[in-house]
file run16.pdb (PDB, C-alpha atoms)
ATOM      1  CA  MET T   1     -22.873  18.953  -7.206
ATOM      2  CA  ALA T   2     -24.279  16.985  -4.286
ATOM      3  CA  TYR T   3     -25.431  13.403  -4.691
ATOM      4  CA  PRO T   4     -28.086  11.830  -2.444
ATOM      5  CA  VAL T   5     -26.746   8.973  -0.349
ATOM      6  CA  ALA T   6     -29.039   6.503   1.430
ATOM      7  CA  PHE T   7     -28.305   4.533   4.593
ATOM      8  CA  SER T   8     -30.406   2.156   6.667
ATOM      9  CA  SER T   9     -31.124   2.914  10.294
ATOM     10  CA  PRO T  10     -29.274   0.527  12.647
ATOM     11  CA  ASP T  11     -32.742  -0.310  13.989
ATOM     12  CA  SER T  12     -33.840  -1.724  10.624
ATOM     13  CA  ALA T  13     -34.793  -5.393  10.672
ATOM     14  CA  TYR T  14     -31.775  -6.464   8.609
ATOM     15  CA  LEU T  15     -29.149  -4.613  10.626
ATOM     16  CA  THR T  16     -30.746  -5.514  13.957
ATOM     17  CA  ARG T  17     -30.620  -9.194  13.002
ATOM     18  CA  PHE T  18     -26.990  -8.862  11.871
ATOM     19  CA  ARG T  19     -25.937  -7.058  15.049
ATOM     20  CA  GLU T  20     -27.657  -9.549  17.337
ATOM     21  CA  MET T  21     -26.705 -12.720  15.442
ATOM     22  CA  PHE T  22     -23.002 -11.902  15.513
ATOM     23  CA  GLY T  23     -22.875 -10.220  18.927
ATOM     24  CA  LEU T  24     -21.460  -6.960  17.623
ATOM     25  CA  GLU T  25     -22.388  -4.962  20.697
ATOM     26  CA  GLY T  26     -20.098  -7.220  22.686
ATOM     27  CA  ILE T  27     -17.284  -6.717  20.179
ATOM     28  CA  ILE T  28     -17.243  -2.956  20.766
ATOM     29  CA  ALA T  29     -18.502  -2.899  24.365
ATOM     30  CA  HIS T  30     -15.204  -1.872  25.940
ATOM     31  CA  GLU T  31     -14.243   0.720  23.311
ATOM     32  CA  THR T  32     -14.604   4.379  24.311
ATOM     33  CA  THR T  33     -13.982   6.026  20.915
ATOM     34  CA  ASP T  34     -15.291   5.544  17.399
ATOM     35  CA  LEU T  35     -11.745   4.809  16.244
ATOM     36  CA  GLY T  36     -11.519   2.081  18.868
ATOM     37  CA  ARG T  37     -14.813   0.643  17.664
ATOM     38  CA  ALA T  38     -13.531   0.765  14.082
ATOM     39  CA  ARG T  39     -10.377  -1.112  15.065
ATOM     40  CA  ALA T  40     -12.385  -3.757  16.947
ATOM     41  CA  LEU T  41     -14.770  -4.376  14.048
ATOM     42  CA  CYS T  42     -11.887  -4.479  11.569
ATOM     43  CA  GLN T  43     -10.189  -7.152  13.652
ATOM     44  CA  TRP T  44     -13.461  -9.095  13.967
ATOM     45  CA  VAL T  45     -13.879  -9.269  10.184
ATOM     46  CA  TYR T  46     -10.186 -10.024   9.622
ATOM     47  CA  PHE T  47     -10.346 -13.153  11.762
ATOM     48  CA  ARG T  48     -13.710 -14.357  10.396
ATOM     49  CA  LEU T  49     -12.727 -14.433   6.724
ATOM     50  CA  GLU T  50      -9.977 -16.151   4.770
ATOM     51  CA  HIS T  51      -8.592 -14.415   1.683
ATOM     52  CA  ASP T  52      -8.045 -15.984  -1.723
ATOM     53  CA  GLY T  53      -7.920 -13.603  -4.662
ATOM     54  CA  ARG T  54      -8.669 -16.418  -7.113
ATOM     55  CA  GLN T  55     -12.082 -17.144  -5.596
ATOM     56  CA  THR T  56     -15.294 -15.511  -6.773
ATOM     57  CA  PHE T  57     -18.382 -15.110  -4.632
ATOM     58  CA  LYS T  58     -21.773 -14.541  -6.243
ATOM     59  CA  SER T  59     -23.619 -12.878  -3.358
ATOM     60  CA  ALA T  60     -23.001  -9.391  -1.953
ATOM     61  CA  ASP T  61     -25.004 -10.183   1.180
ATOM     62  CA  ALA T  62     -22.997 -10.152   4.428
ATOM     63  CA  PHE T  63     -24.980 -13.058   5.919
ATOM     64  CA  ASP T  64     -24.220 -15.202   2.871
ATOM     65  CA  ILE T  65     -20.533 -14.286   2.976
ATOM     66  CA  LEU T  66     -20.146 -15.094   6.663
ATOM     67  CA  HIS T  67     -22.103 -18.346   6.420
ATOM     68  CA  ALA T  68     -19.899 -19.443   3.503
ATOM     69  CA  ALA T  69     -16.797 -18.506   5.492
ATOM     70  CA  GLN T  70     -18.016 -20.649   8.393
ATOM     71  CA  ALA T  71     -18.238 -23.532   5.918
ATOM     72  CA  GLY T  72     -14.602 -23.019   4.935
ATOM     73  CA  GLN T  73     -14.957 -20.930   1.773
ATOM     74  CA  SER T  74     -12.375 -18.227   1.038
ATOM     75  CA  VAL T  75     -13.301 -14.820  -0.362
ATOM     76  CA  GLN T  76     -11.807 -11.828  -2.151
ATOM     77  CA  CYS T  77     -11.186  -8.304  -0.861
ATOM     78  CA  VAL T  78     -14.665  -7.255  -2.025
ATOM     79  CA  GLU T  79     -16.324  -9.509   0.534
ATOM     80  CA  TYR T  80     -14.147  -8.162   3.356
ATOM     81  CA  GLY T  81     -15.320  -4.653   2.530
ATOM     82  CA  LEU T  82     -18.976  -5.618   2.280
ATOM     83  CA  VAL T  83     -19.027  -7.463   5.611
ATOM     84  CA  LEU T  84     -17.152  -4.667   7.373
ATOM     85  CA  ALA T  85     -19.466  -1.955   6.018
ATOM     86  CA  THR T  86     -22.467  -3.986   7.183
ATOM     87  CA  ALA T  87     -20.973  -4.401  10.653
ATOM     88  CA  PHE T  88     -20.331  -0.669  10.957
ATOM     89  CA  ASN T  89     -23.852   0.237   9.895
ATOM     90  CA  ALA T  90     -25.298  -2.352  12.271
ATOM     91  CA  VAL T  91     -23.715  -0.614  15.279
ATOM     92  CA  GLY T  92     -24.728   2.870  14.137
ATOM     93  CA  ILE T  93     -21.492   3.951  12.428
ATOM     94  CA  ARG T  94     -22.284   5.014   8.882
ATOM     95  CA  ALA T  95     -20.090   3.160   6.389
ATOM     96  CA  ARG T  96     -19.803   2.365   2.690
ATOM     97  CA  PRO T  97     -17.758  -0.025   0.569
ATOM     98  CA  LEU T  98     -14.842   1.651  -1.175
ATOM     99  CA  TYR T  99     -13.293   0.422  -4.408
ATOM    100  CA  LEU T 100      -9.765   1.507  -5.309
ATOM    101  CA  LYS T 101      -8.654   1.390  -8.923
ATOM    102  CA  ALA T 102      -5.245   1.751 -10.516
ATOM    103  CA  ALA T 103      -4.519   4.319 -13.219
ATOM    104  CA  ASN T 104      -4.430   1.530 -15.829
ATOM    105  CA  VAL T 105      -7.666  -0.061 -14.618
ATOM    106  CA  GLN T 106      -9.055  -0.264 -18.164
ATOM    107  CA  THR T 107      -6.072  -1.988 -19.766
ATOM    108  CA  LYS T 108      -4.669  -4.190 -16.993
ATOM    109  CA  ALA T 109      -5.936  -7.762 -17.267
ATOM    110  CA  SER T 110      -6.043  -8.517 -13.535
ATOM    111  CA  ALA T 111      -5.237  -7.099 -10.082
ATOM    112  CA  ALA T 112      -6.305  -3.609 -11.180
ATOM    113  CA  GLY T 113      -8.168  -2.766  -7.991
ATOM    114  CA  HIS T 114      -8.735  -3.380  -4.313
ATOM    115  CA  ALA T 115     -11.830  -3.181  -2.105
ATOM    116  CA  LEU T 116     -12.308  -2.164   1.510
ATOM    117  CA  ALA T 117     -14.609   0.115   3.516
ATOM    118  CA  GLU T 118     -14.738   3.698   4.698
ATOM    119  CA  ALA T 119     -16.575   4.655   7.876
ATOM    120  CA  TRP T 120     -17.809   8.036   9.069
ATOM    121  CA  LEU T 121     -16.523   8.374  12.630
ATOM    122  CA  PRO T 122     -18.845  10.854  14.377
ATOM    123  CA  ASP T 123     -16.488  11.810  17.194
ATOM    124  CA  LEU T 124     -13.808  12.776  14.640
ATOM    125  CA  GLY T 125     -16.221  14.143  12.030
ATOM    126  CA  LYS T 126     -14.451  12.471   9.108
ATOM    127  CA  TRP T 127     -14.375   9.479   6.785
ATOM    128  CA  VAL T 128     -11.768   6.868   7.659
ATOM    129  CA  MET T 129     -10.391   4.042   5.509
ATOM    130  CA  VAL T 130     -10.576   0.599   7.122
ATOM    131  CA  ASP T 131      -9.064  -2.415   5.348
ATOM    132  CA  ALA T 132     -10.225  -5.625   7.035
ATOM    133  CA  GLN T 133      -8.335  -7.886   4.626
ATOM    134  CA  ALA T 134      -5.079  -6.472   6.007
ATOM    135  CA  ASP T 135      -6.448  -5.462   9.433
ATOM    136  CA  ILE T 136      -5.227  -1.909   8.865
ATOM    137  CA  ILE T 137      -6.405   1.651   9.458
ATOM    138  CA  PRO T 138      -3.899   4.166   7.999
ATOM    139  CA  MET T 139      -2.781   6.858  10.433
ATOM    140  CA  LEU T 140      -0.957  10.167  10.092
ATOM    141  CA  GLY T 141       0.333  10.720  13.577
ATOM    142  CA  PRO T 142      -2.755  10.335  15.806
ATOM    143  CA  THR T 143      -5.238  10.957  12.968
ATOM    144  CA  PRO T 144      -6.873   8.158  10.945
ATOM    145  CA  LEU T 145      -7.002   8.816   7.202
ATOM    146  CA  ASN T 146      -9.445   8.314   4.384
ATOM    147  CA  ALA T 147      -8.165   6.840   1.121
ATOM    148  CA  LEU T 148      -7.512  10.189  -0.557
ATOM    149  CA  GLU T 149      -5.618  11.457   2.477
ATOM    150  CA  LEU T 150      -3.516   8.297   2.419
ATOM    151  CA  GLN T 151      -2.729   8.870  -1.253
ATOM    152  CA  GLN T 152      -1.608  12.426  -0.506
ATOM    153  CA  ALA T 153       0.463  11.398   2.522
ATOM    154  CA  LEU T 154       2.256   8.723   0.478
ATOM    155  CA  LEU T 155       2.995  11.179  -2.326
ATOM    156  CA  ALA T 156       4.385  13.625   0.233
ATOM    157  CA  HIS T 157       6.531  10.887   1.847
ATOM    158  CA  ARG T 158       5.225  11.814   5.270
ATOM    159  CA  PRO T 159       7.484  10.267   7.936
ATOM    160  CA  ASP T 160       4.662  10.112  10.510
ATOM    161  CA  LEU T 161       2.549   7.814   8.340
ATOM    162  CA  THR T 162       1.794   4.536  10.096
ATOM    163  CA  VAL T 163      -1.040   2.053  10.683
ATOM    164  CA  LEU T 164      -3.394   1.056  13.459
ATOM    165  CA  THR T 165      -3.657  -2.732  13.586
ATOM    166  CA  SER T 166      -4.429  -5.546  15.998
ATOM    167  CA  THR T 167      -2.094  -7.948  14.216
ATOM    168  CA  LYS T 168       1.517  -7.957  13.045
ATOM    169  CA  ALA T 169       0.693  -6.130   9.806
ATOM    170  CA  ARG T 170       3.641  -3.998   8.653
ATOM    171  CA  ALA T 171       2.972  -0.429   7.541
ATOM    172  CA  GLY T 172       5.729  -0.197   4.934
ATOM    173  CA  SER T 173       4.775  -3.410   3.162
ATOM    174  CA  TYR T 174       1.110  -2.465   3.099
ATOM    175  CA  PHE T 175       1.719   1.038   1.768
ATOM    176  CA  ARG T 176       3.973  -0.220  -1.034
ATOM    177  CA  TRP T 177       1.298  -2.743  -2.005
ATOM    178  CA  VAL T 178      -1.743  -0.430  -1.865
ATOM    179  CA  LYS T 179      -0.159   2.704  -3.393
ATOM    180  CA  PRO T 180      -0.737   1.727  -7.073
ATOM    181  CA  TYR T 181      -4.466   1.312  -6.374
ATOM    182  CA  LEU T 182      -4.870   4.803  -4.918
ATOM    183  CA  PHE T 183      -5.779   6.553  -8.184
ATOM    184  CA  TYR T 184      -9.532   6.210  -8.758
ATOM    185  CA  PHE T 185     -11.935   5.860  -5.822
ATOM    186  CA  ASP T 186     -15.556   4.786  -6.137
ATOM    187  CA  THR T 187     -18.407   3.826  -3.869
ATOM    188  CA  VAL T 188     -22.141   3.136  -3.982
ATOM    189  CA  LEU T 189     -24.795   5.756  -3.301
ATOM    190  CA  ASP T 190     -27.440   3.424  -1.884
ATOM    191  CA  ASN T 191     -26.198   1.781   1.290
ATOM    192  CA  ARG T 192     -29.495   0.396   2.560
ATOM    193  CA  TYR T 193     -29.999  -3.217   3.615
ATOM    194  CA  GLY T 194     -32.832  -5.662   3.192
ATOM    195  CA  VAL T 195     -34.533  -3.611   0.476
ATOM    196  CA  ARG T 196     -34.380  -3.335  -3.281
ATOM    197  CA  LYS T 197     -31.879  -0.588  -3.964
ATOM    198  CA  SER T 198     -30.208   1.458  -6.650
ATOM    199  CA  SER T 199     -26.925   0.316  -8.197
ATOM    200  CA  ALA T 200     -25.721   3.886  -8.821
ATOM    201  CA  GLY T 201     -22.122   4.647  -7.927
ATOM    202  CA  LEU T 202     -19.921   7.703  -7.492
ATOM    203  CA  MET T 203     -16.285   7.828  -8.626
ATOM    204  CA  LEU T 204     -13.629  10.370  -7.680
ATOM    205  CA  VAL T 205     -11.442  10.997 -10.731
ATOM    206  CA  PRO T 206      -8.154  12.963 -10.706
ATOM    207  CA  LEU T 207      -8.189  16.179 -12.716
ATOM    208  CA  GLY T 208      -7.057  15.474 -16.261
ATOM    209  CA  ALA T 209      -7.676  11.714 -16.043
ATOM    210  CA  ARG T 210     -10.234   9.871 -18.149
ATOM    211  CA  ASN T 211     -13.454   8.578 -16.669
ATOM    212  CA  PRO T 212     -12.948   4.790 -16.772
ATOM    213  CA  THR T 213     -15.837   2.791 -18.202
ATOM    214  CA  ILE T 214     -14.126  -0.638 -18.326
ATOM    215  CA  PHE T 215     -12.640  -2.690 -15.491
ATOM    216  CA  GLN T 216      -9.765  -5.032 -16.378
ATOM    217  CA  ARG T 217     -10.373  -4.950 -20.152
ATOM    218  CA  THR T 218     -13.760  -6.668 -20.227
ATOM    219  CA  ALA T 219     -16.125  -5.693 -17.381
ATOM    220  CA  ARG T 220     -18.325  -2.663 -18.011
ATOM    221  CA  ILE T 221     -18.475  -0.008 -15.296
ATOM    222  CA  ARG T 222     -22.179   0.827 -15.292
ATOM    223  CA  ASN T 223     -24.416   3.440 -13.698
ATOM    224  CA  MET T 224     -21.472   5.492 -12.446
ATOM    225  CA  ARG T 225     -21.436   9.209 -11.671
ATOM    226  CA  TYR T 226     -18.032  10.886 -11.983
ATOM    227  CA  THR T 227     -16.646  13.829 -10.033
ATOM    228  CA  ASN T 228     -13.313  15.620  -9.685
ATOM    229  CA  SER T 229     -14.401  17.087  -6.351
ATOM    230  CA  ALA T 230     -12.993  15.595  -3.159
ATOM    231  CA  THR T 231     -15.521  17.679  -1.238
ATOM    232  CA  THR T 232     -18.346  15.967  -3.108
ATOM    233  CA  PHE T 233     -16.939  12.484  -2.682
ATOM    234  CA  TYR T 234     -16.187  12.989   1.002
ATOM    235  CA  ALA T 235     -19.312  14.920   1.945
ATOM    236  CA  SER T 236     -20.488  14.235   5.483
ATOM    237  CA  PRO T 237     -23.529  11.921   5.672
ATOM    238  CA  VAL T 238     -26.953  13.111   6.757
ATOM    239  CA  PRO T 239     -27.255  13.039  10.575
ATOM    240  CA  MET T 240     -28.881   9.882  11.923
ATOM    241  CA  SER T 241     -31.714  11.958  13.375
ATOM    242  CA  GLN T 242     -32.796  12.848   9.836
ATOM    243  CA  LEU T 243     -32.970   9.237   8.683
ATOM    244  CA  ALA T 244     -36.423   8.456  10.092
ATOM    245  CA  GLN T 245     -38.355   6.184   7.739
ATOM    246  CA  SER T 246     -35.378   6.080   5.369
ATOM    247  CA  GLU T 247     -36.202   2.441   4.579
ATOM    248  CA  ALA T 248     -39.324   3.656   2.799
ATOM    249  CA  VAL T 249     -37.598   6.413   0.816
ATOM    250  CA  LYS T 250     -36.575   5.518  -2.726
ATOM    251  CA  LEU T 251     -33.123   6.750  -3.735
ATOM    252  CA  GLN T 252     -33.228   9.038  -6.777
ATOM    253  CA  VAL T 253     -30.025  10.108  -8.481
ATOM    254  CA  HIS T 254     -30.097  12.721 -11.227
TER     255      HIS T 254
END

call {"tool": "encode", "arguments": {"input": "run16.pdb", "output": "structure tokens"}}
result
Amino acid sequence: MAYPVAFSSPDSAYLTRFREMFGLEGIIAHETTDLGRARALCQWVYFRLEHDGRQTFKSADAFDILHAAQAGQSVQCVEYGLVLATAFNAVGIRARPLYLKAANVQTKASAAGHALAEAWLPDLGKWVMVDAQADIIPMLGPTPLNALELQQALLAHRPDLTVLTSTKARAGSYFRWVKPYLFYFDTVLDNRYGVRKSSAGLMLVPLGARNPTIFQRTARIRNMRYTNSATTFYASPVPMSQLAQSEAVKLQVH
């Protein structure tokens, strides 16, 4: 079953303002590939935010997050993913926040998940996982991976698994840390900016596993669609040429 996914055009008022205010075109100006642009934007977010998993941030707006960071406020992984997804979309690379959840997400009291972003890299024709909190893009040889591919590569103990990073991040340490979270994967279906949008989500659930409805014992997981199909979860986005007037189209999920 296919699910409709909405994205804003990079020429929308919100994304144009974001791109121009933070000089994103300059950040990626010297990159010749989409993977290079992904690495540059990941590094940009990594150095603009300070992580503190004990902090909570009320707004999901990238402007609010970055302005708070400029004032010295720390954020959680969720905010890294939201800012990075916004930056990608602002430069014309379709992206979405991605939420990883451990197998015991319903019963674990804390640290049951992690958040980052996945970007659709047109010149590779695939979704790629980008973790700005760690400044890491997982790689299998020369190929960047999405989160499900990373899970499979870790389970297979692939020796050519490494990371693309602009810092001193260590692949082994990161993979040991993130592996428990690579069980459930969910994202949002409405990735527009500056408009009132749907809160519907889509979760990829392993065959035989329960559909989680609670996060960390108390928080309800609402308005979620569940699928066992990797093809559905990792469907390619609608070409940008078909997104004309998408800001005026209301997302409907059945």

call {"tool": "closest_residue", "arguments": {"input": "run16.pdb", "among": "T:Val238, T:Ala6, T:Val130, T:Leu154", "to": "Arg192 in chain T", "atoms": "all atoms listed in the file"}}
result
T:Ala6

call {"tool": "atom_distance", "arguments": {"input": "run16.pdb", "atom1": "CA of Lys58 in chain T", "atom2": "CA of Val83 in chain T"}}
result
14.1 Å

call {"tool": "residues_around", "arguments": {"input": "run16.pdb", "residues": "Trp127 in chain T", "least_positions_apart": "5", "cutoff": "12 Å", "atoms": "all atoms listed in the file", "output": "tab-separated table (two decimals) with C-alpha atoms, in the coordinates of the input"}}
result
chain	number	residue	atom	x	y	z
T	34	ASP	CA	-15.29	5.54	17.40
T	35	LEU	CA	-11.74	4.81	16.24
T	38	ALA	CA	-13.53	0.76	14.08
T	93	ILE	CA	-21.49	3.95	12.43
T	94	ARG	CA	-22.28	5.01	8.88
T	95	ALA	CA	-20.09	3.16	6.39
T	96	ARG	CA	-19.80	2.37	2.69
T	97	PRO	CA	-17.76	-0.02	0.57
T	98	LEU	CA	-14.84	1.65	-1.18
T	117	ALA	CA	-14.61	0.12	3.52
T	118	GLU	CA	-14.74	3.70	4.70
T	119	ALA	CA	-16.58	4.66	7.88
T	120	TRP	CA	-17.81	8.04	9.07
T	121	LEU	CA	-16.52	8.37	12.63
T	122	PRO	CA	-18.84	10.85	14.38
T	137	ILE	CA	-6.40	1.65	9.46
T	138	PRO	CA	-3.90	4.17	8.00
T	143	THR	CA	-5.24	10.96	12.97
T	144	PRO	CA	-6.87	8.16	10.94
T	145	LEU	CA	-7.00	8.82	7.20
T	146	ASN	CA	-9.44	8.31	4.38
T	147	ALA	CA	-8.16	6.84	1.12
T	148	LEU	CA	-7.51	10.19	-0.56
T	149	GLU	CA	-5.62	11.46	2.48
T	150	LEU	CA	-3.52	8.30	2.42
T	230	ALA	CA	-12.99	15.60	-3.16
T	231	THR	CA	-15.52	17.68	-1.24
T	233	PHE	CA	-16.94	12.48	-2.68
T	234	TYR	CA	-16.19	12.99	1.00
T	235	ALA	CA	-19.31	14.92	1.94
T	236	SER	CA	-20.49	14.24	5.48
T	237	PRO	CA	-23.53	11.92	5.67

call {"tool": "resolve_selection", "arguments": {"input": "run16.pdb", "expression": "the PyMOL selection byres ((chain T and resi 163) around 9)", "output": "list in words"}}
result
Ile136, Ile137, Pro138, Met139, Leu140, Pro144, Leu161, Thr162, Leu164, Thr165, Ala169, Arg170 and Ala171 of chain T

call {"tool": "resolve_selection", "arguments": {"input": "run16.pdb", "expression": "the PyMOL selection byres ((chain T and resi 10-13) around 9)", "output": "compact mmCIF listing (two decimals) with C-alpha atoms, in the coordinates of the input"}}
result
# COMPACT_ATOMS: atom_id res chain seq x y z
CA SER T 8 -30.41 2.16 6.67
CA SER T 9 -31.12 2.91 10.29
CA TYR T 14 -31.78 -6.46 8.61
CA LEU T 15 -29.15 -4.61 10.63
CA THR T 16 -30.75 -5.51 13.96
CA ARG T 17 -30.62 -9.19 13.00
CA PHE T 18 -26.99 -8.86 11.87
CA ARG T 19 -25.94 -7.06 15.05
CA ASN T 89 -23.85 0.24 9.90
CA ALA T 90 -25.30 -2.35 12.27
CA VAL T 91 -23.72 -0.61 15.28
CA GLY T 92 -24.73 2.87 14.14
CA ILE T 93 -21.49 3.95 12.43
CA TYR T 193 -30.00 -3.22 3.62
CA GLY T 194 -32.83 -5.66 3.19
CA GLU T 247 -36.20 2.44 4.58

call {"tool": "residues_around", "arguments": {"input": "run16.pdb", "residues": "range 41-51 of chain T", "least_positions_apart": "5", "cutoff": "9 Å", "atoms": "only C-alpha atoms", "output": "short mmCIF file (atom, residue, chain, number, x, y, z; two decimals) with C-alpha atoms, in the coordinates of the input"}}
result
data_model
loop_
_atom_site.label_atom_id
_atom_site.label_comp_id
_atom_site.auth_asym_id
_atom_site.auth_seq_id
_atom_site.Cartn_x
_atom_site.Cartn_y
_atom_site.Cartn_z
CA LEU T 24 -21.46 -6.96 17.62
CA ILE T 27 -17.28 -6.72 20.18
CA ILE T 28 -17.24 -2.96 20.77
CA GLY T 36 -11.52 2.08 18.87
CA ILE T 65 -20.53 -14.29 2.98
CA LEU T 66 -20.15 -15.09 6.66
CA ALA T 69 -16.80 -18.51 5.49
CA GLN T 70 -18.02 -20.65 8.39
CA GLY T 72 -14.60 -23.02 4.93
CA GLN T 73 -14.96 -20.93 1.77
CA SER T 74 -12.38 -18.23 1.04
CA VAL T 75 -13.30 -14.82 -0.36
CA GLN T 76 -11.81 -11.83 -2.15
CA CYS T 77 -11.19 -8.30 -0.86
CA GLU T 79 -16.32 -9.51 0.53
CA TYR T 80 -14.15 -8.16 3.36
CA VAL T 83 -19.03 -7.46 5.61
CA LEU T 84 -17.15 -4.67 7.37
CA ALA T 87 -20.97 -4.40 10.65
CA PHE T 88 -20.33 -0.67 10.96
CA VAL T 130 -10.58 0.60 7.12
CA ASP T 131 -9.06 -2.42 5.35
CA ALA T 132 -10.22 -5.62 7.04
CA GLN T 133 -8.34 -7.89 4.63
CA ALA T 134 -5.08 -6.47 6.01
CA ASP T 135 -6.45 -5.46 9.43
CA ILE T 136 -5.23 -1.91 8.86
CA ILE T 137 -6.40 1.65 9.46
CA THR T 165 -3.66 -2.73 13.59
CA SER T 166 -4.43 -5.55 16.00
CA THR T 167 -2.09 -7.95 14.22
#

call {"tool": "closest_residue", "arguments": {"input": "run16.pdb", "among": "T:Val195, T:Ala103, T:Arg176, T:Lys126", "to": "Arg210 in chain T", "atoms": "all atoms listed in the file"}}
result
T:Ala103

call {"tool": "closest_residue", "arguments": {"input": "run16.pdb", "among": "T:Ala111, T:Ala102, T:Ala209, T:Ile214", "to": "Asn228 in chain T", "atoms": "all atoms listed in the file"}}
result
T:Ala209

call {"tool": "closest_residue", "arguments": {"input": "run16.pdb", "among": "T:Glu25, T:Asp123, T:Asp186, T:Asp160", "to": "Asn223 in chain T", "atoms": "only C-alpha atoms"}}
result
T:Asp186

call {"tool": "residues_around", "arguments": {"input": "run16.pdb", "residues": "Phe185 in chain T", "least_positions_apart": "3", "cutoff": "8 Å", "atoms": "all atoms listed in the file", "output": "list in words"}}
result
Leu98, Tyr99, Leu100, Lys101, Ala147, Leu182, Met203, Leu204 and Val205 of chain T

call {"tool": "write_last_selection", "arguments": {"input": "run16.pdb", "atoms": "C-alpha atoms", "output": "compact mmCIF listing (two decimals), in the coordinates of the input"}}
result
# COMPACT_ATOMS: atom_id res chain seq x y z
CA LEU T 98 -14.84 1.65 -1.18
CA TYR T 99 -13.29 0.42 -4.41
CA LEU T 100 -9.76 1.51 -5.31
CA LYS T 101 -8.65 1.39 -8.92
CA ALA T 147 -8.16 6.84 1.12
CA LEU T 182 -4.87 4.80 -4.92
CA MET T 203 -16.28 7.83 -8.63
CA LEU T 204 -13.63 10.37 -7.68
CA VAL T 205 -11.44 11.00 -10.73

call {"tool": "atom_distance", "arguments": {"input": "run16.pdb", "atom1": "CA of Thr213 in chain T", "atom2": "CA of Thr107 in chain T"}}
result
11.0 Å

call {"tool": "closest_residue", "arguments": {"input": "run16.pdb", "among": "T:Arg54, T:Arg225, T:Lys179, T:His114", "to": "Pro212 in chain T", "atoms": "all atoms listed in the file"}}
result
T:Arg225

call {"tool": "atom_distance", "arguments": {"input": "run16.pdb", "atom1": "CA of Gly208 in chain T", "atom2": "CA of Tyr184 in chain T"}}
result
12.2 Å

call {"tool": "closest_residue", "arguments": {"input": "run16.pdb", "among": "T:Arg217, T:Lys108, T:His157, T:Arg196", "to": "Tyr181 in chain T", "atoms": "all atoms listed in the file"}}
result
T:Lys108

call {"tool": "resolve_selection", "arguments": {"input": "run16.pdb", "expression": "the PyMOL selection byres ((chain T and resi 200) around 10)", "output": "list in words"}}
result
Val5, Thr187, Val188, Leu189, Asp190, Lys197, Ser198, Ser199, Gly201, Leu202, Arg222, Asn223, Met224, Arg225, Leu251, Gln252 and Val253 of chain T

call {"tool": "axis_aligned_box", "arguments": {"input": "run16.pdb", "around": "range 50-69 of chain T", "padding_each_side": "8 Å", "output": "JSON"}}
result
{"center_x": -16.5, "center_y": -14.4, "center_z": -0.2, "size_x": 33.1, "size_y": 26.1, "size_z": 29.8}

call {"tool": "decode", "arguments": {"input": "run16.pdb", "residues": "range 148-160 of chain T", "atoms": "N, CA and C atoms", "output": "PDB file, in the first residue's frame"}}
result
ATOM      1  N   LEU T 148      17.646   1.122   7.492  1.00  0.00           N
ATOM      2  CA  LEU T 148      17.393  -0.311   7.373  1.00  0.00           C
ATOM      3  C   LEU T 148      18.609  -1.032   6.803  1.00  0.00           C
ATOM      4  N   GLU T 149      19.250  -0.431   5.831  1.00  0.00           N
ATOM      5  CA  GLU T 149      20.467  -1.024   5.266  1.00  0.00           C
ATOM      6  C   GLU T 149      21.581  -1.104   6.311  1.00  0.00           C
ATOM      7  N   LEU T 150      21.662  -0.094   7.164  1.00  0.00           N
ATOM      8  CA  LEU T 150      22.648  -0.131   8.242  1.00  0.00           C
ATOM      9  C   LEU T 150      22.339  -1.279   9.192  1.00  0.00           C
ATOM     10  N   GLN T 151      21.077  -1.436   9.559  1.00  0.00           N
ATOM     11  CA  GLN T 151      20.683  -2.542  10.424  1.00  0.00           C
ATOM     12  C   GLN T 151      21.121  -3.876   9.823  1.00  0.00           C
ATOM     13  N   GLN T 152      20.862  -4.062   8.538  1.00  0.00           N
ATOM     14  CA  GLN T 152      21.192  -5.328   7.886  1.00  0.00           C
ATOM     15  C   GLN T 152      22.704  -5.540   7.802  1.00  0.00           C
ATOM     16  N   ALA T 153      23.444  -4.469   7.525  1.00  0.00           N
ATOM     17  CA  ALA T 153      24.899  -4.576   7.439  1.00  0.00           C
ATOM     18  C   ALA T 153      25.510  -4.924   8.791  1.00  0.00           C
ATOM     19  N   LEU T 154      24.961  -4.353   9.866  1.00  0.00           N
ATOM     20  CA  LEU T 154      25.449  -4.671  11.212  1.00  0.00           C
ATOM     21  C   LEU T 154      25.149  -6.122  11.582  1.00  0.00           C
ATOM     22  N   LEU T 155      23.955  -6.595  11.228  1.00  0.00           N
ATOM     23  CA  LEU T 155      23.599  -7.975  11.526  1.00  0.00           C
ATOM     24  C   LEU T 155      24.470  -8.957  10.749  1.00  0.00           C
ATOM     25  N   ALA T 156      24.895  -8.537   9.553  1.00  0.00           N
ATOM     26  CA  ALA T 156      25.737  -9.396   8.720  1.00  0.00           C
ATOM     27  C   ALA T 156      27.221  -9.256   9.040  1.00  0.00           C
ATOM     28  N   HIS T 157      27.553  -8.348   9.987  1.00  0.00           N
ATOM     29  CA  HIS T 157      28.951  -8.113  10.371  1.00  0.00           C
ATOM     30  C   HIS T 157      29.819  -7.775   9.159  1.00  0.00           C
ATOM     31  N   ARG T 158      29.314  -6.890   8.327  1.00  0.00           N
ATOM     32  CA  ARG T 158      30.046  -6.528   7.121  1.00  0.00           C
ATOM     33  C   ARG T 158      31.357  -5.817   7.465  1.00  0.00           C
ATOM     34  N   PRO T 159      32.479  -6.295   6.977  1.00  0.00           N
ATOM     35  CA  PRO T 159      33.767  -5.684   7.326  1.00  0.00           C
ATOM     36  C   PRO T 159      34.005  -4.341   6.647  1.00  0.00           C
ATOM     37  N   ASP T 160      33.261  -4.067   5.563  1.00  0.00           N
ATOM     38  CA  ASP T 160      33.452  -2.816   4.819  1.00  0.00           C
ATOM     39  C   ASP T 160      32.497  -1.720   5.280  1.00  0.00           C
TER      40      ASP T 160
END
